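Engineer: Structure provided below as structure tokens; questions to follow.
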Amino acid sequence: MRSAELLACLLIAAPLAAQTAATQTPAAPSGWQWRLDTPGRIANAPNAAATDSTFRFENMAPGWHVTMGPGGFLYDTAHTASGRFAVQAEMILFPSSTNDEFGLFIGGRDSGPGGESVSWFVVRRDGQAGVFAFSDGQMRPVSDWAPREGIKPPAADGTARTVVRVLAEPDSVRYFVDGTRVGAWPRSALPVDGVYGFRIGRGTNMHITNLDITRRHAPYPARR
């Protein structure tokens, strides 16, 4: 299905789902958890709008629909990656006033207070991308916000289809947006092994069609 057709289906399906499920509150996707930037709770009741302290996260085939109030990380702890791997997601941004980020995170770990670590690879509707990491109790930019070639601007109706991919190799981590490499950094520069999932910023309304992982088993050239 082409992205334009998918988008049309989603725009139709959302209000229909609200009408037919007037007495049901969709549950959060099974197994998924979240860590928000500010206190908040999930609110999937029909017609409930996201607020500064609530957000929506629900199954909507194909994939999930997310409307954030506060920003945060969405993940299933069963989804982990280490060694050589690639993580990819197709994300369809809906019109909104926010310019907050969306994308992927890898390297999620939580070994108690002060022991958390995570790296996130994100893009904004203004065509800028960035890479950030949290470890040792501090957040730091690995690659701060900057315009990047190859990032497609939103369509005239405000929607944007973006494919975000993170490739972890033994010596580096590489970030791709819509097939164009945004950058590469030494693997030692950021957390890599651990839980992976979505990083979605405040006020962002989007549909995510997939979250795929490829484990790479072929021999890697030895360093000289």
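In the structure tokens, chains take the letters A, B, ... in the order shown, each chain's residues start at 1, and ligands count up from 1 in the order shown.
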Please build the interface table for region 37-93 of chain A against region 178-200 of chain A with a cut-off of 9 Å, listing for each qualifying residue the nearest atom pair and the distance in Å to one decimal; count only C-alpha atoms, order rows by chain and increasing number, and write it as CSV.
Structural biologist:
```
residue,atom,partner,partner_atom,distance
A:Val66,CA,A:Ile200,CA,8.7
A:Met68,CA,A:Ile200,CA,7.4
A:Gly71,CA,A:Ile200,CA,5.7
A:Gly72,CA,A:Ile200,CA,5.7
A:Phe73,CA,A:Arg199,CA,4.7
A:Leu74,CA,A:Phe198,CA,5.2
A:Tyr75,CA,A:Gly197,CA,4.7
A:Asp76,CA,A:Gly197,CA,7.2
A:Thr77,CA,A:Val195,CA,6.0
A:Ala78,CA,A:Val195,CA,7.6
A:His79,CA,A:Val195,CA,5.7
A:Thr80,CA,A:Val195,CA,4.2
A:Ala81,CA,A:Gly194,CA,5.6
A:Ser82,CA,A:Asp193,CA,4.5
A:Gly83,CA,A:Asp193,CA,7.1
A:Val87,CA,A:Tyr196,CA,8.1
A:Ala89,CA,A:Phe198,CA,8.8
```
Engineer: Enumerate the residues of region 1-167 of chain A with a DSSP assignment of helix (DSSP H, G or I), computed from the backbone, and present them as a list in words.
Structural biologist: Ser3, Ala4, Glu5, Leu6, Leu7, Ala8, Cys9, Leu10, Leu11, Ile12, Ala13, Ala14, Pro15, Leu16, Ala17, Ala18, Gln19 and Thr20 of chain A
Engineer: May I have the residues from that selection written out with N, CA and C atoms, as a CSV table (one decimal), in the first residue's frame?
Structural biologist:
```csv
chain,number,residue,atom,x,y,z
A,3,SER,N,2.1,5.1,0.6
A,3,SER,CA,1.9,5.9,1.8
A,3,SER,C,0.7,6.8,1.8
A,4,ALA,N,0.4,7.4,0.6
A,4,ALA,CA,-0.8,8.3,0.4
A,4,ALA,C,-2.1,7.5,0.7
A,5,GLU,N,-2.1,6.2,0.2
A,5,GLU,CA,-3.3,5.4,0.4
A,5,GLU,C,-3.4,5.1,1.9
A,6,LEU,N,-2.3,4.7,2.5
A,6,LEU,CA,-2.3,4.4,3.9
A,6,LEU,C,-2.8,5.5,4.8
A,7,LEU,N,-2.3,6.7,4.4
A,7,LEU,CA,-2.7,7.9,5.2
A,7,LEU,C,-4.2,8.2,5.1
A,8,ALA,N,-4.7,8.0,3.9
A,8,ALA,CA,-6.2,8.2,3.7
A,8,ALA,C,-7.0,7.2,4.6
A,9,CYS,N,-6.5,5.9,4.6
A,9,CYS,CA,-7.2,4.9,5.4
A,9,CYS,C,-7.1,5.3,6.9
A,10,LEU,N,-6.0,5.8,7.3
A,10,LEU,CA,-5.9,6.1,8.7
A,10,LEU,C,-6.8,7.3,9.1
A,11,LEU,N,-6.9,8.3,8.2
A,11,LEU,CA,-7.7,9.4,8.5
A,11,LEU,C,-9.2,9.0,8.6
A,12,ILE,N,-9.5,8.0,7.8
A,12,ILE,CA,-10.9,7.5,7.8
A,12,ILE,C,-11.1,6.6,9.0
A,13,ALA,N,-10.2,5.8,9.3
A,13,ALA,CA,-10.3,4.8,10.4
A,13,ALA,C,-10.4,5.4,11.7
A,14,ALA,N,-9.7,6.4,12.0
A,14,ALA,CA,-9.6,7.0,13.4
A,14,ALA,C,-11.0,7.4,13.9
A,15,PRO,N,-11.8,8.3,13.1
A,15,PRO,CA,-13.1,8.6,13.6
A,15,PRO,C,-14.1,7.5,13.7
A,16,LEU,N,-14.0,6.5,12.7
A,16,LEU,CA,-14.8,5.4,12.7
A,16,LEU,C,-14.6,4.5,14.0
A,17,ALA,N,-13.3,4.4,14.3
A,17,ALA,CA,-13.0,3.6,15.5
A,17,ALA,C,-13.6,4.2,16.7
A,18,ALA,N,-13.5,5.6,16.8
A,18,ALA,CA,-14.1,6.3,18.0
A,18,ALA,C,-15.6,6.1,18.1
A,19,GLN,N,-16.3,6.0,16.9
A,19,GLN,CA,-17.7,5.9,16.9
A,19,GLN,C,-18.1,4.5,17.3
A,20,THR,N,-17.4,3.4,16.8
A,20,THR,CA,-17.8,2.1,17.1
A,20,THR,C,-17.4,1.6,18.4
```
Engineer: Just want the 7 Å neighbourhood of Arg215 (chain A), counted on only C-alpha atoms, with same-chain residues fewer than 3 positions away dropped. Output as a list of chain:residue names.
Structural biologist: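 My list of contacting residues is A:Arg84, A:Phe85, A:Ala86.
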Engineer: Residues within 10 Å of Asn99 (chain A), please, as a PyMOL selection string. Count only C-alpha atoms; anything in the same chain fewer than 6 positions from it doesn't count.
Structural biologist: chain A and resi 123-128+201-204
Engineer: As a VMD selection string, list the residues of region 35-65 of chain A assigned to strand (DSSP E) by DSSP on the backbone atoms of this structure.
Structural biologist: chain A and resid 35 to 36 41 to 42 54 to 59 64 to 65
Engineer: Could you please take those selected residues and save C-alpha atoms as a PDB file, in the first residue's frame?
Structural biologist:
```pdb
ATOM      1  CA  ARG A  35       9.067   6.781  30.278  1.00  0.00           C
ATOM      2  CA  LEU A  36       7.816  10.343  29.967  1.00  0.00           C
ATOM      3  CA  ARG A  41      -0.611   8.986  32.038  1.00  0.00           C
ATOM      4  CA  ILE A  42      -2.066   7.166  29.050  1.00  0.00           C
ATOM      5  CA  THR A  54      -1.845  12.674  29.046  1.00  0.00           C
ATOM      6  CA  PHE A  55      -1.048  10.854  25.819  1.00  0.00           C
ATOM      7  CA  ARG A  56      -2.581   8.282  23.470  1.00  0.00           C
ATOM      8  CA  PHE A  57      -0.800   5.092  22.368  1.00  0.00           C
ATOM      9  CA  GLU A  58      -2.860   2.364  20.732  1.00  0.00           C
ATOM     10  CA  ASN A  59      -2.791  -0.426  18.171  1.00  0.00           C
ATOM     11  CA  TRP A  64       0.399   2.040  16.147  1.00  0.00           C
ATOM     12  CA  HIS A  65      -1.008   5.525  16.512  1.00  0.00           C
TER      13      HIS A  65
END
```
Engineer: Tell me, as a list in words, which residues lie within 8 Å of Thr159 (chain A), counting only C-alpha atoms; anything in the same chain fewer than 5 positions away does not count.
Structural biologist: Ile92, Leu93, Phe94, Pro95 and Pro154 of chain A
Engineer: Write the selection just made, keeping C-alpha atoms, as a PDB file, in the first residue's frame?
Structural biologist:
```pdb
ATOM      1  CA  ILE A  92       3.935   9.235   9.317  1.00  0.00           C
ATOM      2  CA  LEU A  93       3.676  12.668  10.900  1.00  0.00           C
ATOM      3  CA  PHE A  94       0.254  14.317  11.016  1.00  0.00           C
ATOM      4  CA  PRO A  95      -0.315  18.078  10.914  1.00  0.00           C
ATOM      5  CA  PRO A 154       6.098  17.966   4.926  1.00  0.00           C
TER       6      PRO A 154
END
```
Engineer: Please, what distance in Å, to one decimal, runs between CA of Met91 (chain A) and CA of Asn44 (chain A)?
Structural biologist: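 Separating CA of Met91 (chain A) from CA of Asn44 (chain A) is a distance of 19.9 Å.
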Engineer: Compare A:Thr67, A:Thr38, A:Gln88, A:Ser30 by their minimum atom-to-atom distance to Leu211 (chain A), counting only C-alpha atoms, and give me the closest one.
Structural biologist: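 Smallest separation from Leu211 (chain A) among the options: A:Gln88.
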Engineer: Would you pick out the contacts of Tyr220 (chain A) at 12 Å or less, using only C-alpha atoms, so that residues sharing its chain but fewer than 3 positions from it are not included, and give the list as a PDB file with N, CA and C atoms, in the first residue's frame?
Structural biologist:
```pdb
ATOM      1  N   GLY A  83      25.462  -6.158  19.561  1.00  0.00           N
ATOM      2  CA  GLY A  83      26.332  -6.577  18.468  1.00  0.00           C
ATOM      3  C   GLY A  83      26.053  -5.779  17.217  1.00  0.00           C
ATOM      4  N   ARG A  84      26.009  -6.475  16.074  1.00  0.00           N
ATOM      5  CA  ARG A  84      25.708  -5.834  14.790  1.00  0.00           C
ATOM      6  C   ARG A  84      24.213  -5.934  14.518  1.00  0.00           C
ATOM      7  N   ALA A 168      24.072  -0.307  13.637  1.00  0.00           N
ATOM      8  CA  ALA A 168      25.159  -0.466  14.608  1.00  0.00           C
ATOM      9  C   ALA A 168      26.172  -1.468  14.070  1.00  0.00           C
ATOM     10  N   GLU A 169      27.391  -1.030  13.873  1.00  0.00           N
ATOM     11  CA  GLU A 169      28.493  -1.879  13.438  1.00  0.00           C
ATOM     12  C   GLU A 169      29.523  -1.960  14.570  1.00  0.00           C
ATOM     13  N   PRO A 170      30.475  -2.866  14.481  1.00  0.00           N
ATOM     14  CA  PRO A 170      31.438  -3.007  15.575  1.00  0.00           C
ATOM     15  C   PRO A 170      32.217  -1.732  15.888  1.00  0.00           C
ATOM     16  N   ASP A 171      32.456  -0.904  14.867  1.00  0.00           N
ATOM     17  CA  ASP A 171      33.272   0.286  15.094  1.00  0.00           C
ATOM     18  C   ASP A 171      32.485   1.585  15.096  1.00  0.00           C
ATOM     19  N   ARG A 216      22.734  -8.730  11.982  1.00  0.00           N
ATOM     20  CA  ARG A 216      23.720  -8.926  10.926  1.00  0.00           C
ATOM     21  C   ARG A 216      24.772  -9.933  11.401  1.00  0.00           C
ATOM     22  N   HIS A 217      24.815 -11.084  10.725  1.00  0.00           N
ATOM     23  CA  HIS A 217      25.686 -12.177  11.158  1.00  0.00           C
ATOM     24  C   HIS A 217      26.926 -12.347  10.276  1.00  0.00           C
ATOM     25  N   ARG A 223      39.894  -4.911  11.935  1.00  0.00           N
ATOM     26  CA  ARG A 223      40.617  -3.648  11.925  1.00  0.00           C
ATOM     27  C   ARG A 223      42.109  -3.901  11.689  1.00  0.00           C
TER      28      ARG A 223
END
```
Engineer: With distances taken over only C-alpha atoms, which residue among A:Glu90, A:Pro221, A:Ser172, A:Val142 lies nearest Pro62 (chain A)?
Structural biologist: A:Glu90
